[in-house]
Each structure stands twice: as structure tokens, then as C-alpha cells.
Amino acid sequence: MPLVPLDIPAGVYRNGTEYESKGRWFDTNLVRWHEGRLQPVGGWEKFDATQTAYDGKARGLLAWRGNDGGRYIAVGTNEKLYASQGGQFYDITPASFTAGREDGIFGYGFGIGTYNTGTYGTIRTSSTAIEPSVWHLDNWGEYLVACSSADGLIYEWQLSTGSAAAVLSNAPDDNIGIIVTNERHLVALGADTNSRKVQWSDQEDNNTWTPSADNLAGDLELSTNGRIKTARRVGNDILIWTDTDCHLMRYLGPPYVYGIERIGSDCGIVGANAVAVSGGTAVWLSEGGFWIYDGSIKPLQCDALDEVTDKINRLQQAKTAGGHNSEFGEMWFFYPSSDSTENDKYIVWNYRLNHWSVGTLARTCWADQGAFNEPLAVGANGHLYRHETGWTDDGTTRVGQVYAVSGPVELGQGDRLAVVDRIIADDYSNLPSVKATIGTKNTPEGSYADTEYTINEADGYIDVRLTARQLRVKLEATRDDGFKFGTLRMNLKQGSRR
């Protein structure tokens with residue numbers, strides 16, 4: 001028989017049993033497909049090797065440039081607000097700030113829930129899920145504006161490293177979050193304890209919030225049975241998510257200024273940061289799966305959805321953090337698995353090639369490249385990292401962690417055993433960085449018999465002696481450097497019927 005390509009398409013399929021992923025990749029970790037070839041995800045290193053860990057867990061990250069070209073970073077944790085100028089971090093936590101929750105909890109009794117929710121003095125007899133505290137961070141010009149769900153106040157930091165962020169004058173209290181519009185209005189989400197209210201300041205003036213004939217301040221209330229979670233600029237508009245639906249906030253001009261309409265039902269977001277945005281496209285995680293907005297809302301088909309919805313820690317799901325990696329056309333989502341109270345897993349959608357990958361990596365928030373040359377992310381250990389730098393975990397080897405495992409590959413029609421005596425890689429550059437483990441078996445119920453092979457760098461051959469009805473392939477990095485792996489071809493011969 002001729003050389004038969006082991007042509008496994010890019011991306012992971014995990015919606016079902018391992019056998020249902022036949023002919024596809026079933027499991028991955030720290031790999032991606034780029035330009036049609038399998039390669040490692042880039043490594044990472046601490047932003048500052050001398051930095052001590054942040055107090056609390058980071059739930060907000062923003063990077064930007066000042067008017068003078070200087071680069072800034074803001075990090076919000078459940079306990080503190082930090083800012084970096086010139087690479088050095090400063091504690092800019094407002095003196096009045098009330099620290100929030102690190103984890104989600106179930107609560108009973110008095111004082112459970114958000115302020116002004118339910119009847120005062122009445123004990124709660126059913127459990128209520130109380131979410132961890134998150135930050136909304138944005139720019140008012142070059143200044144930082146920030147709001148934590150821990151205390152609901154709106155703060156501004158005017159780039160002075162010697163001063164803490166200060167409460168904005170006249171701004172509403174007890175907010176869920178904030179966002180700045182393209183028209184330069186500061187918007188308070190869930191303003192004044194009303195979880196459906198959207199209130200905005202005057203244009204170019206974030207200290208004027210009371211509407212009058214002389215300004216463009218105003219407010220609207222969403223028509224929803226949900227509670228506002230977050231908002232993002234998507235193209236020229238603002239998307240506002242509740243826990244049940246999604247709304248579009250669009251600039252109308254005076255006298256109405258803004259209008260809001262519900263554009264999607266049953267597509268609420270699981271957490272304030274569980275969204276990734278690229279230009280006019282937003283992707284987010286809901287209770288039932290992924291959704292996409294690209295001018296209209298629709299479910300996003302995910303070949304690894306079961307990996308998330310069946311295994312996410314529902315009590316901690318509000319910690320889910322999305323992020324865009326523009327260099328590779330990817331949208332990343334970090335989430336807590338059922339075995340963890342903190343984000344420890346990820347799922348990635350490559351929107352250029354429309355495939356998914358999965359893996360393990362503990363990140364609590366993310367910022368795309370732009371102000372900096374690399375994406376930034378904060379680990380669950382409280383350190384800020386530059387991503388896509390080198391091939392190691394901050395200097396520690398990733399050997400044993402970088403791999404891709406296929407689902408079953410059936411040899412022939414299954415009525416006969418097949419014999420494979422050689423496997424050839426179509427591109428064997430830098431292949432000493434990769435080893436192949438071939439598992440064989442004769443029935444779906446049997447166990448794989450695994451054998452490790454190295455690829456001959458001189459000719460790209462793997463000399464094997466395999467007899468089976470089906471096999472699986474595991475490709476694994478053997479050293480910390482880059483590799484690109486293309487299609488495998490097998491020298492396949494017909495065997496006996498036994």
C-alpha cells in the first residue's frame with residue numbers, strides 16, 4: 001500500500017467520548033496551530049523579577065500609554081489597586097476602599113447579597129451565590145478610572161505615583177462597574193444600587209452627573225429580568241451584559257444622547273471579565289456555552305465545549321477571564337475547573353482558522369499587546385507576566401507539559417489488521433525537540449500499547465513496527481525551544497484478519 005497521510009486537522013474535539021474524536025486531536029496543552037503547523041505556545045517571564053506578589057487575587061488589568069508616550073499598567077485585586085509607571089509598581093489604593101471577596105461563596109442569613117436587595121431585617125432562608133470582587137478599569141484620557149464591585153465607588157488616578165486614586169466628585173455610589181464611551185462619557189453600570197440602571201456623565205466632564213439643559217448627562221434603565229454584570233466597547237457601540245441577556249448601547253446624539261436595546265436573550269455572561277473583544281467582535285462565556293457578537297448575536301460552535309461547561313467550578317465561574325491575543329488571532333478564556341477554586345484551565349478559540357485548543361495555565365486576568373510588545377497576564381500566584389517570550393515558564397522548563405494527543409485513528413476499514421513500518425514527517429526541521437508516542441490497539445474497548453519514538457533529524461523518518469486496527473499519536477516537546485510539526489505519513493501495509 002502507498003504512503004497514507006495521517007492528516008489530523010487543526011484543533012481539539014472533546015464533545016463526547018475519546019472514540020468520538022477519531023481523526024481529530026483529543027487533548028492538548030500549551031500548543032497552538034499556526035500557519036497549518038503544530039507549535040508550542042510561547043513562554044512567559046515575570047514583568048519584573050524583583051516584584052513581590054500582589055496582595056489579594058487580581059481581577060482587573062489595564063495597560064495604556066500616557067500623552068507623553070509613557071507606558072502604564074493598572075492591576076486591581078480584591079484587596080488593592082496598583083499602578084505601574086516606568087516599570088515600578090505603586091500601591092494607589094484609595095484610603096476609603098473596602099476590600100472585597102477573593103472567592104465566591106454560598107451565603108445564608110442576614111446581610112447576604114448586594115446592598116438594598118431583599119427586605120431589610122429578614123433572614124434569607126435559601127442560599128445565595130455571592131461572587132468574588134472584580135474591577136472595571138478604563139481610561140479617561142490618559143487618567144485611570146476604576147470601580148470595584150467590593151465598594152461600588154468610582155475612582156480616578158491622575159498618574160501621580162505619590163498619590164492614591166481618589167473618589168470622583170458627584171459620581172453615583174454603589175455601582176457594579178464603569179466604562180468610558182467613544183464619545184467621552186463616563187458610564188456607571190448598576191448605578192446607585194439599581195442593578196438595571198445605566199447612568200452617564202456629561203461629555204468630557206466626569207464630575208457632572210445630574211442632567212440639565214446645559215449638559216448631556218443622563219440615565220436609562222435596562223428592560224431585563226437580569227442584573228448588569230459588565231460592559232465593553234465593541235466597534236463604535238457598547239455591549240452591556242447581564243446574567244441573563246445582552247444589550248446594545250448606541251450613541252444617538254442630543255437630546256437623547258444614548259439609546260439601549262436588548263439584542264440577545266438567554267446569553268448572559270458568567271462573570272464581569274469573561275469576554276474577549278477584537279475590533280467589532282466580542283466572544284463571551286455564558287452558563288450554556290460561548291456566544292459571539294459581530295453585528296448580531298449568535299451561539300459560537302465550540303468543539304471542546306463539554307470540557308468547560310461540564311467541568312467548570314460553578315461557584316467560582318465569575319472568576320473566568322477572557323483575553324485577546326492579536327498576534328495569533330486567538331481569544332483565550334481562563335476558568336476554574338471543578339478541582340480548583342482558582343482559574344487553572346484555559347480554552348482558546350483561533351478565529352482566523354476557526355478551531356479550539358485546551359490546556360492548563362493559572363491566569364486571573366489578561367491584557368493584549370499594544371502599550372507593550374507582548375500580552376500581559378497576572379498569575380494566580382500574584383505575579384505579572386509578559387507572555388509569548390521565549391519557551392520556558394519564567395526560566396523553568398516546560399518539558400512534559402507541551403503536547404498534543406490525537407483521538408483514535410483507524411487503519412483501513414477495520415476488517416483486517418494493518419502493518420505500519422515507517423512514519424515520515426513532511427517537515428522535520430528542529431525535530432529533536434519532539435518525540436512521538438504511538439499507541440496501538442485492536443478494539444475500541446482495549447487498552448493502548450504505547451511505544452516512544454524519536455524522529456531521525458537526517459531524513460525525518462520514524463522506523464516503527466506496528467500492527468493494529470487503530471492507533472493514537474502523542475507529540476510532545478523534549479526541550480524548551482520552538483518547533484513546527486506538519487502532516488505525518490505512514491507506510492501502511494495490509495495484514496491478516498486476526
# chains A, B, ... in the order shown; residues from 1 in each chain; ligands from 1

$ residues_around --residues "Asp463 in chain A" --least-positions-apart "6" --cutoff "10 Å" --atoms "only C-alpha atoms" --output "ChimeraX atom specification"
/A:420-424,453-456,491

$ residues_around --residues "Lys441 in chain A" --least-positions-apart "4" --cutoff "8 Å" --atoms "only C-alpha atoms" --output "list in words"
Gly446, Ser447, Tyr448, Ala449, Ala468, Arg469, Gln470 and Leu471 of chain A

$ write_last_selection --atoms "all heavy atoms" --output "compact mmCIF listing (two decimals), in the first residue's frame"
# COMPACT_ATOMS: atom_id res chain seq x y z
N GLY A 446 -10.27 -2.04 24.05
CA GLY A 446 -8.96 -2.44 24.54
C GLY A 446 -8.15 -1.25 25.04
O GLY A 446 -8.57 -0.10 24.99
N SER A 447 -6.98 -1.55 25.56
CA SER A 447 -6.06 -0.51 26.04
C SER A 447 -4.97 -0.29 25.01
O SER A 447 -4.56 -1.21 24.30
CB SER A 447 -5.44 -0.94 27.38
OG SER A 447 -6.43 -1.11 28.36
N TYR A 448 -4.48 0.94 24.95
CA TYR A 448 -3.40 1.26 24.03
C TYR A 448 -2.08 0.69 24.55
O TYR A 448 -1.77 0.79 25.74
CB TYR A 448 -3.26 2.77 23.86
CG TYR A 448 -4.30 3.39 22.96
CD1 TYR A 448 -5.36 4.12 23.50
CD2 TYR A 448 -4.21 3.26 21.58
CE1 TYR A 448 -6.31 4.69 22.68
CE2 TYR A 448 -5.17 3.83 20.75
CZ TYR A 448 -6.21 4.55 21.30
OH TYR A 448 -7.15 5.11 20.49
N ALA A 449 -1.32 0.13 23.65
CA ALA A 449 0.06 -0.25 23.93
C ALA A 449 0.94 0.85 23.37
O ALA A 449 1.03 1.03 22.15
CB ALA A 449 0.38 -1.59 23.29
N ALA A 468 -1.98 -3.17 14.08
CA ALA A 468 -3.18 -2.80 14.84
C ALA A 468 -4.30 -2.39 13.90
O ALA A 468 -4.10 -2.22 12.69
CB ALA A 468 -2.86 -1.65 15.79
N ARG A 469 -5.49 -2.26 14.47
CA ARG A 469 -6.62 -1.72 13.71
C ARG A 469 -6.74 -0.20 13.91
O ARG A 469 -7.30 0.49 13.07
CB ARG A 469 -7.92 -2.40 14.13
CG ARG A 469 -8.06 -3.82 13.60
CD ARG A 469 -9.47 -4.35 13.83
NE ARG A 469 -9.64 -5.65 13.17
CZ ARG A 469 -9.40 -6.82 13.74
NH1 ARG A 469 -8.96 -6.85 15.01
NH2 ARG A 469 -9.58 -7.94 13.09
N GLN A 470 -6.28 0.29 15.05
CA GLN A 470 -6.33 1.74 15.27
C GLN A 470 -5.14 2.15 16.13
O GLN A 470 -4.56 1.35 16.86
CB GLN A 470 -7.65 2.16 15.91
CG GLN A 470 -7.83 1.76 17.36
CD GLN A 470 -9.18 2.23 17.91
OE1 GLN A 470 -10.21 2.05 17.27
NE2 GLN A 470 -9.16 2.80 19.10
N LEU A 471 -4.81 3.44 16.01
CA LEU A 471 -3.70 3.96 16.79
C LEU A 471 -4.03 5.38 17.24
O LEU A 471 -5.00 5.99 16.79
CB LEU A 471 -2.39 3.92 16.00
CG LEU A 471 -2.29 4.68 14.66
CD1 LEU A 471 -2.07 6.16 14.84
CD2 LEU A 471 -1.15 4.10 13.83

$ atom_distance --atom1 "CA of Glu287 in chain A" --atom2 "CA of Lys311 in chain A"
12.0 Å

$ closest_atom_pairs --of "range 117-226 of chain A" --to "range 78-87 of chain A" --cutoff "9 Å" --atoms "only C-alpha atoms" --output "CSV"
residue,atom,partner,partner_atom,distance
A:Pro132,CA,A:Asn78,CA,7.8
A:Ser133,CA,A:Asn78,CA,5.6
A:Val134,CA,A:Asn78,CA,6.7
A:Trp135,CA,A:Asn78,CA,8.1
A:Ala146,CA,A:Leu81,CA,8.9
A:Ser148,CA,A:Asn78,CA,8.1
A:Ala150,CA,A:Asn78,CA,7.3
A:Leu159,CA,A:Gln85,CA,8.1
A:Thr161,CA,A:Gln85,CA,7.6
A:Ala164,CA,A:Leu81,CA,8.9
A:Ala165,CA,A:Leu81,CA,8.4
